[in-house]
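Written below as C-alpha cells is the structure these notes are about.
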Amino acid sequence: MSYQLPPVAWLRAFEAAARHSSFAAAANELNMTSAAISHQIRSLEKRLGFDLFERLPRGVRLTDMGAAYVPAVRKAFEDLSLATMGIFGSLGDKTLRIRVPISYASLVLVPRLPEFRSAYPGIELQLCTTIWGDGLNYESVDIDIRYGDGAWADQREKGGYIEKISDESSIVVCSPHYAERIGAGAGLADIGAGSLIEIMGCEGMWNDLMRQNGLEMIRHEAGVKSDTSLVALEYAATGEGAALVLDAFAQPYLDSGRLVQPVDARLPNEQAHYVLRRPGSQHAPEVLLFTEWMLDSVR
C-alpha cells in the first residue's frame, strides 16, 4: 500500500510551529535552526499546494487550511506514540506529575490507579492535591485535573489540551440512620426542611434542585458547610444531615452502605471535571498514555 504522506520531519516541524505559533520556538524544541524549520514547512506547503501559515512580523499564524490540517497531524503523532509505548514500553523510567482536586483524587482517581500501575510500572506518579485550582500556576505539573466550565483562556491561548472527562450530576445522600429519622415516605421537601450539608461555592445547588422539582426552598435547619465534597460526605455519614454531591463522589459510599439515596432526585451540573495537558509536555508518551487510560477508565 502506498501512503500519500509527506516526510515525517516536515509534519513534525509543522505541528511544532502550529503549537508555538513560532518557527523559532519550534526550532528550539526540535533542536534545529529556524531556517531549517522554515525550509521544511515551505517544502510541505509546496507538496500540499496550500499555504499553511501566514508569516507575520512577529511569529506566524495558521491559515484556514493549516488549522484544518493540524488536528489530524497531531492525532496521528499521538496515536503512534501511544502504540509505540504500549507495545514496546517507555524508554527508561518516567515521572508523571498530576495535580488534582482532593475529592476527585480520593474518590475517583486513586481507587483506579492500581490498574494503571500494574500496566505501566515504569511510570512513577506524583499526585499533588488541591481544593481550589483556578488561577494557580501549574507549570510544574504535566497533567492538571480541574473542575469548572472548561473556559480557561490561558490554557487555550498557549495551545494546551483541554477535554471534558464526563458529564456530571449531583444526587442527595445521607446516612441510613438519618433516612430513618426523616421517615421512609419522606420527599425532597422534607429533606429541604431538615439539616443540609453544603459545599462552599455550590450553595445555590440545593435551591436549583428544589426549583427543578417544582418546590420552593424551605427554610432549613442550620447545617454545616465544607470546602470539599470529601468532608461533606464524611459528615453526612455521621448521620447529621443530607448532602448534595456529585454522583461519582457518592458512589463509593453508596456501594459500602455508609450512605443511601433518600430520594430519587438528580441535578445536572453545568460544570464538570476536565483534564488539561500542559503545553510543554502534552505530547510526551507517558502524558498521552495516562490521559487515554484515565478517560477510558472513568467513562
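If you're wondering about the labels, chains in the C-alpha cells are A, B, ... by order shown, residues count from 1 in each chain, ligands from 1 in order shown.
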
Requested in this report: Name the residues of segment 73-270 of chain A that come out as alpha helix (DSSP H) in a backbone DSSP run; write them as a PyMOL selection string.
Outcome: chain A and resi 73-88+102-104+113-119+153-157+176-182+188-192+205-212+229-237+247-256

For the selection just defined, write its residues with C-alpha atoms to a file, as a compact mmCIF listing (two decimals), in the first residue's frame.
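What follows is the written file again-v8.txt:
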```txt
# COMPACT_ATOMS: atom_id res chain seq x y z
CA VAL A 73 -1.42 15.55 12.14
CA ARG A 74 -1.33 15.90 15.93
CA LYS A 75 -3.68 12.94 16.42
CA ALA A 76 -1.53 10.79 14.14
CA PHE A 77 1.60 11.55 16.17
CA GLU A 78 -0.23 10.90 19.44
CA ASP A 79 -1.59 7.55 18.20
CA LEU A 80 1.84 6.50 17.00
CA SER A 81 3.41 7.50 20.31
CA LEU A 82 0.78 5.60 22.29
CA ALA A 83 1.15 2.50 20.15
CA THR A 84 4.94 2.55 20.47
CA MET A 85 4.85 2.93 24.25
CA GLY A 86 2.04 0.42 24.66
CA ILE A 87 3.83 -2.29 22.70
CA PHE A 88 7.49 -1.65 23.48
CA ILE A 102 -8.54 16.27 46.67
CA SER A 103 -12.10 14.89 46.44
CA TYR A 104 -11.60 13.71 42.86
CA LEU A 113 -4.63 3.77 39.99
CA PRO A 114 -3.57 0.18 40.81
CA GLU A 115 -4.79 -0.80 37.33
CA PHE A 116 -2.56 1.82 35.71
CA ARG A 117 0.43 0.99 37.91
CA SER A 118 0.08 -2.70 37.09
CA ALA A 119 0.01 -2.00 33.35
CA ALA A 153 -8.31 31.15 28.27
CA ASP A 154 -4.68 30.98 29.41
CA GLN A 155 -4.52 27.29 28.60
CA ARG A 156 -6.17 27.62 25.20
CA GLU A 157 -4.04 30.59 24.17
CA PRO A 176 -29.22 5.15 56.77
CA HIS A 177 -29.81 6.46 60.31
CA TYR A 178 -30.72 9.94 59.06
CA ALA A 179 -33.01 8.41 56.42
CA GLU A 180 -34.86 6.58 59.19
CA ARG A 181 -35.21 9.82 61.17
CA ILE A 182 -36.91 11.69 58.32
CA LEU A 188 -37.49 16.22 48.65
CA ALA A 189 -39.43 18.91 50.52
CA ASP A 190 -38.86 17.02 53.79
CA ILE A 191 -35.14 16.79 53.01
CA GLY A 192 -35.02 20.53 52.32
CA MET A 205 -27.38 23.93 44.18
CA TRP A 206 -29.97 22.99 46.80
CA ASN A 207 -32.23 25.80 45.57
CA ASP A 208 -31.65 24.70 41.97
CA LEU A 209 -32.68 21.15 42.84
CA MET A 210 -35.84 22.35 44.57
CA ARG A 211 -36.84 24.59 41.67
CA GLN A 212 -36.19 21.80 39.18
CA SER A 229 -17.07 17.09 48.82
CA LEU A 230 -14.95 14.56 50.69
CA VAL A 231 -15.58 16.26 54.04
CA ALA A 232 -19.27 16.77 53.20
CA LEU A 233 -19.63 13.04 52.53
CA GLU A 234 -17.83 12.09 55.71
CA TYR A 235 -20.04 14.42 57.72
CA ALA A 236 -23.17 13.02 56.06
CA ALA A 237 -22.00 9.55 57.12
CA ASP A 247 -22.81 11.05 41.89
CA ALA A 248 -19.27 9.83 41.09
CA PHE A 249 -18.11 11.05 44.51
CA ALA A 250 -21.05 9.45 46.31
CA GLN A 251 -20.78 6.06 44.61
CA PRO A 252 -18.13 4.53 46.90
CA TYR A 253 -20.24 5.47 49.94
CA LEU A 254 -23.38 4.04 48.37
CA ASP A 255 -21.56 0.84 47.45
CA SER A 256 -20.32 0.40 51.02
```

**Report entry** For segment 287-292 of chain A: contacts at 8 Å, only C-alpha atoms, fewer than 4 positions along chain excluded, given as an MDAnalysis selection string
**Finding:** chainID A and resid 78 82 96 116 142:143 275 277 281:283 296

Requested in this report: Return the single residue from A:Leu215, A:Ile145, A:Ala9, A:Val60 that is closest to Ala36 of chain A, with distances computed using only C-alpha atoms.
Outcome: A:Ala9

Report summary line: Taken to one decimal, the atom CA of Thr129 of chain A-atom CA of Ala272 of chain A distance is 17.3 Å

Query raised in the report: A:Thr130, A:Leu11, A:Leu44, A:Leu52: which is nearest Ala72 of chain A, counting only C-alpha atoms?
Result: A:Leu11
